[in-house]
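Trainee: Pasting a structure below so you can have a look.
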Amino acid sequence: MIDINESVMQFLLAFVVAGPLLGAVAALLPAPPGLKGKSPEQAVLRHGVTVTGAILVAAIVLALGFDHDHPSKMQATTDIGWIPALDVRIHLGIDGISLPLLVLTALLTFLCALYSYFKMPAGPTPKAFVALLLVLESGTLATFAVLDLLLFFLAFEMVLIPMYFLIARWGGEGRTAAAWRFILYTLLGSVVMLLGLLLIGIKAGTFDMVALATDNGRSLTTSVQVIAVLAIGLGLAVKTPMWPLHSWLPDAHTAAPTVGSVLLAGVLLKMGTYGFVRILLPIAPDGLADFAPYLAAFAVVGIIYGSLACLALAKQGAKGDLKRLIAYSSVGHMGFVLLGIATMTPTGVNGALFANIAHGLITGLLFFLVGALKDRTGTTDLDTLAEQTGAALYGKAPRLGGLLAFAAVASLGLPGLAGFWGEMLALFGAFDPADDLSRPAFLTFMAIAAFGTLLTAAYLLAVVRRVCMGAVPQDAPKLADVHAYEFAAWTPLVALTVVAGLWPKALLGLTDPAVQQLLAGGTR
């Protein structure tokens with residue numbers, strides 16, 4: 001790690017949060033300050049790569065300058081008064097919980113911008129596409145960096161409009177209905193969440209998340225905490241998404257362009273689970289403890305439901321859509337994240353945070369790969385893919401087939417890859433939940449979730465068999481293998497999936513002290 005002055009760290013964090021927004025404004029100017037291209041469209045796409053690349057570099061430098069000896073301490077903090085009448089402040093900071101999500105967001109957005117430079121989705125002008133992508137990045141990064149409840153809500157909502165337009169204007173078949181369902185579900189959930197946030201701020205006398213976490217719910221009665229958890233939890237559960245509030249997700253993923261699906265799965269879903277950890281767990285612990293068994297029950301139902309839905313889609317002759325299958329798999333994977341949080345133990349919460357990052361890497365890679373298959377074959381229907389590839393992707397495009405198999409086994413939780421540790425720690429957390437929680441109930445939840453891992457392996461291996469394995473027909477059409485730009489966009493995800501699987505301490509060393517501090521009574 002490198003020694004960086006605190007004022008430089010503050011500037012870097014402010015740049016990471018606000019930089020994409022400034023880049024979005026610049027992208028809409030007649031001559032964006034990006035690198036010159038052969039056409040204005042190419043110039044603005046290069047501008048998007050340049051801005052997201054600069055944000056990624058700043059995020060990496062921020063991570064290198066982070067004091068890894070004290071990951072539970074808020075660092076690179078900025079605290080400026082904004083609305084004195086409501087005591088709302090522009091309060092930014094990062095710790096071991098938010099830093100990995102910040103870097104993941106910057107990485108995935110850069111890879112999406114790079115991919116789009118070579119494979120721009122069909123739709124309106126690239127100017128609008130790049131601007132929306134940068135606004136989406138700014139809102140997501142702000143969600144993980146702000147330390148004021150009302151600022152958190154504003155950042156949380158800031159991502160909805162750009163994602164709506166990315167789906168509605170650059171998406172595929174059924175994009176308008178999918179975009180409307182996405183925006184209506186998330187907005188209705190957010191209205192309820194705002195009421196809960198206001199209740200906490202008014203009753204506690206502050207919207208400062210650090211002060212509220214340090215207070216650890218002592219200034220809030222149990223009844224206030226229960227109401228706040230119910231209201232805020234509903235809004236967060238929609239974004240996660242938790243069963244049965246998940247029905248917007250499959251349609252949104254199926255209709256979204258490739259980069260929209262990557263960011264939706266890799267980043268936006270994490271905002272909901274991050275809110276559970278950052279807000280409800282330390283600020284309303286008594287209220288969350290009352291709802292924890294129900295949260296765990298919904299989580300394991302989501303695990304089984306998502307897996308069974310995927311099995312149905314993967315079945316031979318079921319006319320299953322591969323993008324829709326991966327979307328349903330996210331319902332199951334995020335169920336493990338919610339189960340870990342519901343245990344209210346360091347083991348379970350650390351598992352949830354690890355699973356968050358692993359899901360972002362692996363599912364982001366899966367959606368990139370499915371997008372590449374659609375570009376080559378014109379479809380994501382499993383039966384049609386099997387016909388066009390002769391169920392022999394290994395033989396026709398060995399690198400593409402190998403990457404698809406790698407992402408599948410990583411997603412099913414193969415030991416040695418990133419997908420294993422988060423789910424395993426969530427199950428360990430359920431084996432020995434917090435003292436106030438019923439251990440027999442959580443042992444039941446653990447057993448159901450463990451069965452879900454078997455179902456996950458079944459449907460992912462079925463997909464690999466249907467698409468990748470088989471003899472190449474003599475009259476089979478040619479299929480392009482991995483292009484150079486695809487290799488550049490996917491390699492970091494593959495490498496990080498392996499590194500996180502082989503060296504989990506790199507991530508757990510950041511999250512564990514921060515989680516311990518959070519559960520003990522806030523963040524200093």
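Letters A, B, ... go to the chains of the structure tokens in the order shown; residues in each chain start at 1; ligands are counted from 1 in the same order.
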Can you tell me, as a list in words, what residues are no more than 9 Å from A:Asp87 when counting only C-alpha atoms, ignoring any on the same chain fewer than 5 positions away?
Mentor: Gly81, Trp82, Gly205, Thr206, Phe207 and Asp208 of chain A
Trainee: Once you have the residues from the selection above, write them out as a JSON list (two decimals), in the first residue's frame, restricted to N, CA, C and O atoms.
Mentor:
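Result file follows (result_28.json):
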[["chain", "number", "residue", "atom", "x", "y", "z"],
["A", 81, "GLY", "N", -21.60, 21.21, 5.39],
["A", 81, "GLY", "CA", -23.00, 21.53, 5.56],
["A", 81, "GLY", "C", -23.67, 21.81, 4.22],
["A", 81, "GLY", "O", -23.10, 22.43, 3.33],
["A", 82, "TRP", "N", -24.93, 21.35, 4.07],
["A", 82, "TRP", "CA", -25.64, 21.52, 2.81],
["A", 82, "TRP", "C", -27.02, 22.13, 3.03],
["A", 82, "TRP", "O", -27.33, 23.19, 2.49],
["A", 205, "GLY", "N", -32.90, 12.68, 15.63],
["A", 205, "GLY", "CA", -32.39, 14.05, 15.62],
["A", 205, "GLY", "C", -31.23, 14.27, 14.69],
["A", 205, "GLY", "O", -30.60, 15.34, 14.72],
["A", 206, "THR", "N", -30.90, 13.30, 13.86],
["A", 206, "THR", "CA", -29.80, 13.45, 12.90],
["A", 206, "THR", "C", -29.98, 12.46, 11.75],
["A", 206, "THR", "O", -30.59, 11.40, 11.93],
["A", 207, "PHE", "N", -29.46, 12.86, 10.59],
["A", 207, "PHE", "CA", -29.44, 11.97, 9.44],
["A", 207, "PHE", "C", -28.04, 11.42, 9.18],
["A", 207, "PHE", "O", -27.83, 10.74, 8.19],
["A", 208, "ASP", "N", -27.11, 11.75, 10.08],
["A", 208, "ASP", "CA", -25.72, 11.32, 9.90],
["A", 208, "ASP", "C", -25.60, 9.82, 10.17],
["A", 208, "ASP", "O", -25.88, 9.35, 11.28]]
Trainee: Do you know which residues are at most 10 Å from A:Met446 counting only C-alpha atoms, after dropping those on the same chain fewer than 4 positions away, and could you put them as a list in words?
Mentor: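 Within the cut-off, the hits are Ala296, Val300, Phe336, Leu339, Ala426, Leu427, Phe428, Gly429, Ala430, Phe431, Asp432, Pro440, Ala441, Phe442, Ala450, Phe451 and Gly452 of chain A.
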Trainee: Mind checking which residues fall within 10 Å of A:Gly171, counting only C-alpha atoms, ignoring those fewer than 2 positions away in the same chain, and posting them as a compact mmCIF listing (two decimals) with N, CA, C and O atoms, in the first residue's frame?
Mentor:
# COMPACT_ATOMS: atom_id res chain seq x y z
N PRO A 121 -24.59 -0.90 -28.62
CA PRO A 121 -25.93 -1.47 -28.85
C PRO A 121 -26.75 -0.60 -29.79
O PRO A 121 -26.59 0.63 -29.82
N ALA A 122 -27.62 -1.23 -30.56
CA ALA A 122 -28.47 -0.50 -31.49
C ALA A 122 -29.45 0.38 -30.73
O ALA A 122 -30.05 -0.04 -29.74
N GLY A 123 -29.56 1.63 -31.19
CA GLY A 123 -30.45 2.57 -30.51
C GLY A 123 -30.15 3.99 -30.91
O GLY A 123 -29.47 4.23 -31.92
N TYR A 164 -33.57 3.13 -16.65
CA TYR A 164 -34.84 3.05 -17.38
C TYR A 164 -34.61 3.33 -18.86
O TYR A 164 -35.08 2.59 -19.74
N PHE A 165 -33.88 4.40 -19.18
CA PHE A 165 -33.66 4.76 -20.58
C PHE A 165 -32.73 3.78 -21.28
O PHE A 165 -32.89 3.51 -22.48
N LEU A 166 -31.75 3.24 -20.56
CA LEU A 166 -30.88 2.24 -21.19
C LEU A 166 -31.68 1.02 -21.63
O LEU A 166 -31.42 0.44 -22.69
N ILE A 167 -32.66 0.63 -20.81
CA ILE A 167 -33.49 -0.51 -21.18
C ILE A 167 -34.49 -0.11 -22.27
O ILE A 167 -34.65 -0.81 -23.27
N ALA A 168 -35.17 1.02 -22.08
CA ALA A 168 -36.27 1.41 -22.97
C ALA A 168 -35.79 1.83 -24.35
O ALA A 168 -36.51 1.64 -25.34
N ARG A 169 -34.59 2.41 -24.46
CA ARG A 169 -34.15 2.94 -25.75
C ARG A 169 -33.11 2.06 -26.44
O ARG A 169 -32.97 2.09 -27.66
N GLU A 173 -36.40 -6.88 -27.53
CA GLU A 173 -37.84 -7.12 -27.60
C GLU A 173 -38.48 -6.99 -26.22
O GLU A 173 -37.97 -7.49 -25.22
N GLY A 174 -39.60 -6.29 -26.16
CA GLY A 174 -40.31 -6.10 -24.90
C GLY A 174 -39.67 -5.08 -23.99
O GLY A 174 -39.99 -5.03 -22.79
N ARG A 175 -38.82 -4.21 -24.54
CA ARG A 175 -38.05 -3.30 -23.70
C ARG A 175 -38.92 -2.24 -23.01
O ARG A 175 -38.64 -1.88 -21.86
N THR A 176 -39.95 -1.76 -23.68
CA THR A 176 -40.77 -0.70 -23.08
C THR A 176 -41.50 -1.19 -21.83
O THR A 176 -41.46 -0.55 -20.77
N ALA A 178 -40.72 -3.79 -20.01
CA ALA A 178 -39.73 -4.15 -18.98
C ALA A 178 -39.22 -2.92 -18.27
O ALA A 178 -39.03 -2.92 -17.04
N ALA A 179 -38.97 -1.85 -19.02
CA ALA A 179 -38.47 -0.61 -18.42
C ALA A 179 -39.51 0.00 -17.48
O ALA A 179 -39.17 0.48 -16.39
N ALA A 252 -36.49 -7.18 -17.05
CA ALA A 252 -35.49 -6.12 -17.25
C ALA A 252 -34.21 -6.68 -17.84
O ALA A 252 -33.63 -6.11 -18.77
N HIS A 253 -33.74 -7.81 -17.32
CA HIS A 253 -32.51 -8.42 -17.84
C HIS A 253 -32.69 -8.92 -19.27
O HIS A 253 -31.80 -8.77 -20.10
N THR A 254 -33.83 -9.53 -19.54
CA THR A 254 -34.05 -10.09 -20.87
C THR A 254 -34.09 -8.99 -21.93
O THR A 254 -33.58 -9.15 -23.03
N ALA A 255 -34.70 -7.84 -21.58
CA ALA A 255 -34.84 -6.75 -22.55
C ALA A 255 -33.61 -5.85 -22.61
O ALA A 255 -33.38 -5.21 -23.63
N ALA A 256 -32.83 -5.77 -21.55
CA ALA A 256 -31.73 -4.80 -21.48
C ALA A 256 -30.62 -5.15 -22.47
O ALA A 256 -30.42 -6.32 -22.81
N PRO A 257 -29.88 -4.12 -22.95
CA PRO A 257 -28.68 -4.42 -23.73
C PRO A 257 -27.65 -5.09 -22.85
O PRO A 257 -27.77 -5.10 -21.62
N THR A 258 -26.61 -5.64 -23.46
CA THR A 258 -25.61 -6.40 -22.70
C THR A 258 -25.03 -5.60 -21.55
O THR A 258 -25.00 -6.08 -20.41
N GLY A 260 -26.26 -3.04 -20.07
CA GLY A 260 -27.29 -2.79 -19.07
C GLY A 260 -27.48 -3.96 -18.14
O GLY A 260 -27.61 -3.78 -16.92
N SER A 261 -27.47 -5.17 -18.68
CA SER A 261 -27.59 -6.37 -17.84
C SER A 261 -26.38 -6.52 -16.92
O SER A 261 -26.52 -6.90 -15.76
Trainee: Quick one: pull the distance between atom CA of A:Thr143 and atom CA of A:Ala155, Å, one decimal.
Mentor: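 Computing it gives 5.1 Å between the two atoms.
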Trainee: What is the atom CA of A:Leu414 to atom CA of A:Lys374 distance in Å?
Mentor: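 So the answer is 26.5 Å.
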Trainee: Compile the contact shell of stretch 55-60 of chain A as a ChimeraX atom specification: residues with an atom at most 12 Å away, counting only C-alpha atoms, same-chain residues fewer than 3 positions apart removed.
Mentor: /A:1-2,8-23,48-52,63-66,76,94,98-111,113,134,137-138,141,145
Trainee: Using only C-alpha atoms, which residues sit within 8 Å of A:Pro346 once same-chain residues fewer than 3 positions away are excluded, as a list in words?
Mentor: Val349, Asn350, Gly429, Asp512, Val515, Gln516 and Leu519 of chain A
Trainee: Let me see the file: selected residues, C-alpha atoms, as a compact mmCIF listing (two decimals), in the first residue's frame.
Mentor:
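Okay, this is what ended up in out_19.txt:
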# COMPACT_ATOMS: atom_id res chain seq x y z
CA VAL A 349 -22.45 -10.68 7.18
CA ASN A 350 -18.91 -11.20 5.89
CA GLY A 429 -23.55 -17.98 9.76
CA ASP A 512 -14.25 -8.36 8.78
CA VAL A 515 -18.32 -5.71 10.20
CA GLN A 516 -17.12 -6.44 13.74
CA LEU A 519 -22.15 -5.10 14.93
